[in-house]
Amino acid sequence: MRHQIAFSAMALMASLVYLSPPPSSALCLGLGAGTVPRHLRASGIRTDVVEVDEAVIRLAEQHFLFGAPSVNGGGVNMGRVLHDDALRLV
């Protein structure tokens, strides 16, 4: 049986409701389609993202609505997207 990383990531995101105390902020190293930071922000967790590829940021915003007010806490600033190399930054 092949390992299904998507299901592992979904389970990890869902486990946030069991953390006590819940996190108030997070840092995502890499954006992808923006699924993880979008979920964290929707859960009330201020989430910053570091992404090395400017094209990934642009595509996530244009095609996956990453950062759109309707999925970003009703327009409330729930985090930043930094165009930088995560390895260098951290």
# chains A, B, ... in the order shown; residues from 1 in each chain; ligands from 1

$ residues_around --residues "segment 21-34 of chain A" --least-positions-apart "2" --cutoff "10 Å" --atoms "only C-alpha atoms" --output "ChimeraX atom specification"
/A:16-19,36-41,43-53,56-57,59-61,63-67,78-87,89-90

$ select_by_dssp --residues "segment 4-75 of chain A" --states "alpha helix (DSSP H)" --output "list in words"
Ile5, Ala6, Phe7, Ser8, Ala9, Met10, Ala11, Leu12, Met13, Ala14, Thr35, Val36, Pro37, Arg38, His39, Leu40, Arg41, Ala42, Glu54, Ala55, Val56, Ile57, Arg58, Leu59, Ala60, Glu61, Gln62 and His63 of chain A

$ write_last_selection --atoms "N, CA and C atoms" --output "mmCIF file, in the first residue's frame"
data_model
loop_
_atom_site.group_PDB
_atom_site.id
_atom_site.type_symbol
_atom_site.label_atom_id
_atom_site.label_comp_id
_atom_site.auth_asym_id
_atom_site.auth_seq_id
_atom_site.Cartn_x
_atom_site.Cartn_y
_atom_site.Cartn_z
ATOM 1 N N ILE A 5 0.368 10.976 1.363
ATOM 2 C CA ILE A 5 0.769 12.153 2.121
ATOM 3 C C ILE A 5 -0.362 13.164 2.269
ATOM 4 N N ALA A 6 -1.249 13.240 1.299
ATOM 5 C CA ALA A 6 -2.352 14.206 1.391
ATOM 6 C C ALA A 6 -3.218 13.906 2.602
ATOM 7 N N PHE A 7 -3.489 12.630 2.861
ATOM 8 C CA PHE A 7 -4.318 12.273 4.007
ATOM 9 C C PHE A 7 -3.593 12.566 5.316
ATOM 10 N N SER A 8 -2.283 12.381 5.342
ATOM 11 C CA SER A 8 -1.499 12.700 6.538
ATOM 12 C C SER A 8 -1.556 14.191 6.831
ATOM 13 N N ALA A 9 -1.437 15.007 5.793
ATOM 14 C CA ALA A 9 -1.493 16.460 5.976
ATOM 15 C C ALA A 9 -2.873 16.888 6.464
ATOM 16 N N MET A 10 -3.923 16.291 5.930
ATOM 17 C CA MET A 10 -5.278 16.630 6.372
ATOM 18 C C MET A 10 -5.485 16.235 7.829
ATOM 19 N N ALA A 11 -4.987 15.088 8.223
ATOM 20 C CA ALA A 11 -5.113 14.648 9.612
ATOM 21 C C ALA A 11 -4.346 15.573 10.539
ATOM 22 N N LEU A 12 -3.166 16.011 10.119
ATOM 23 C CA LEU A 12 -2.374 16.929 10.929
ATOM 24 C C LEU A 12 -3.111 18.255 11.114
ATOM 25 N N MET A 13 -3.704 18.782 10.041
ATOM 26 C CA MET A 13 -4.445 20.040 10.152
ATOM 27 C C MET A 13 -5.668 19.874 11.056
ATOM 28 N N ALA A 14 -6.362 18.752 10.939
ATOM 29 C CA ALA A 14 -7.546 18.517 11.757
ATOM 30 C C ALA A 14 -7.204 18.356 13.231
ATOM 31 N N THR A 35 -3.126 25.662 0.777
ATOM 32 C CA THR A 35 -4.122 24.914 1.548
ATOM 33 C C THR A 35 -3.849 24.943 3.051
ATOM 34 N N VAL A 36 -2.614 24.682 3.440
ATOM 35 C CA VAL A 36 -2.292 24.629 4.871
ATOM 36 C C VAL A 36 -2.435 25.996 5.530
ATOM 37 N N PRO A 37 -1.795 27.059 5.009
ATOM 38 C CA PRO A 37 -1.976 28.349 5.670
ATOM 39 C C PRO A 37 -3.419 28.845 5.625
ATOM 40 N N ARG A 38 -4.156 28.534 4.568
ATOM 41 C CA ARG A 38 -5.566 28.929 4.498
ATOM 42 C C ARG A 38 -6.358 28.254 5.618
ATOM 43 N N HIS A 39 -6.105 26.967 5.846
ATOM 44 C CA HIS A 39 -6.800 26.239 6.909
ATOM 45 C C HIS A 39 -6.432 26.810 8.283
ATOM 46 N N LEU A 40 -5.148 27.068 8.492
ATOM 47 C CA LEU A 40 -4.710 27.610 9.777
ATOM 48 C C LEU A 40 -5.334 28.979 10.031
ATOM 49 N N ARG A 41 -5.332 29.828 9.016
ATOM 50 C CA ARG A 41 -5.921 31.161 9.154
ATOM 51 C C ARG A 41 -7.415 31.076 9.415
ATOM 52 N N ALA A 42 -8.104 30.180 8.725
ATOM 53 C CA ALA A 42 -9.545 30.002 8.945
ATOM 54 C C ALA A 42 -9.824 29.496 10.353
ATOM 55 N N GLU A 54 8.473 33.245 -6.550
ATOM 56 C CA GLU A 54 7.453 34.284 -6.717
ATOM 57 C C GLU A 54 6.289 33.805 -7.583
ATOM 58 N N ALA A 55 6.570 32.932 -8.555
ATOM 59 C CA ALA A 55 5.511 32.396 -9.416
ATOM 60 C C ALA A 55 4.516 31.559 -8.607
ATOM 61 N N VAL A 56 4.989 30.834 -7.614
ATOM 62 C CA VAL A 56 4.098 30.027 -6.767
ATOM 63 C C VAL A 56 3.143 30.942 -6.001
ATOM 64 N N ILE A 57 3.662 32.039 -5.486
ATOM 65 C CA ILE A 57 2.816 32.993 -4.763
ATOM 66 C C ILE A 57 1.735 33.539 -5.697
ATOM 67 N N ARG A 58 2.155 33.970 -6.875
ATOM 68 C CA ARG A 58 1.226 34.545 -7.842
ATOM 69 C C ARG A 58 0.157 33.524 -8.267
ATOM 70 N N LEU A 59 0.566 32.283 -8.537
ATOM 71 C CA LEU A 59 -0.384 31.253 -8.953
ATOM 72 C C LEU A 59 -1.358 30.901 -7.833
ATOM 73 N N ALA A 60 -0.869 30.838 -6.599
ATOM 74 C CA ALA A 60 -1.757 30.542 -5.468
ATOM 75 C C ALA A 60 -2.809 31.636 -5.315
ATOM 76 N N GLU A 61 -2.407 32.879 -5.521
ATOM 77 C CA GLU A 61 -3.353 33.999 -5.411
ATOM 78 C C GLU A 61 -4.342 34.010 -6.571
ATOM 79 N N GLN A 62 -3.862 33.770 -7.781
ATOM 80 C CA GLN A 62 -4.712 33.855 -8.968
ATOM 81 C C GLN A 62 -5.615 32.648 -9.159
ATOM 82 N N HIS A 63 -5.100 31.463 -8.935
ATOM 83 C CA HIS A 63 -5.847 30.248 -9.274
ATOM 84 C C HIS A 63 -6.455 29.516 -8.087
#

$ select_by_dssp --residues "chain A" --states "strand (DSSP E)" --output "list in words"
Ser25, Ala26, Leu27, Cys28, Leu29, Arg46, Thr47, Asp48, Val49, Val50, Glu51, Val81, Leu82 and His83 of chain A
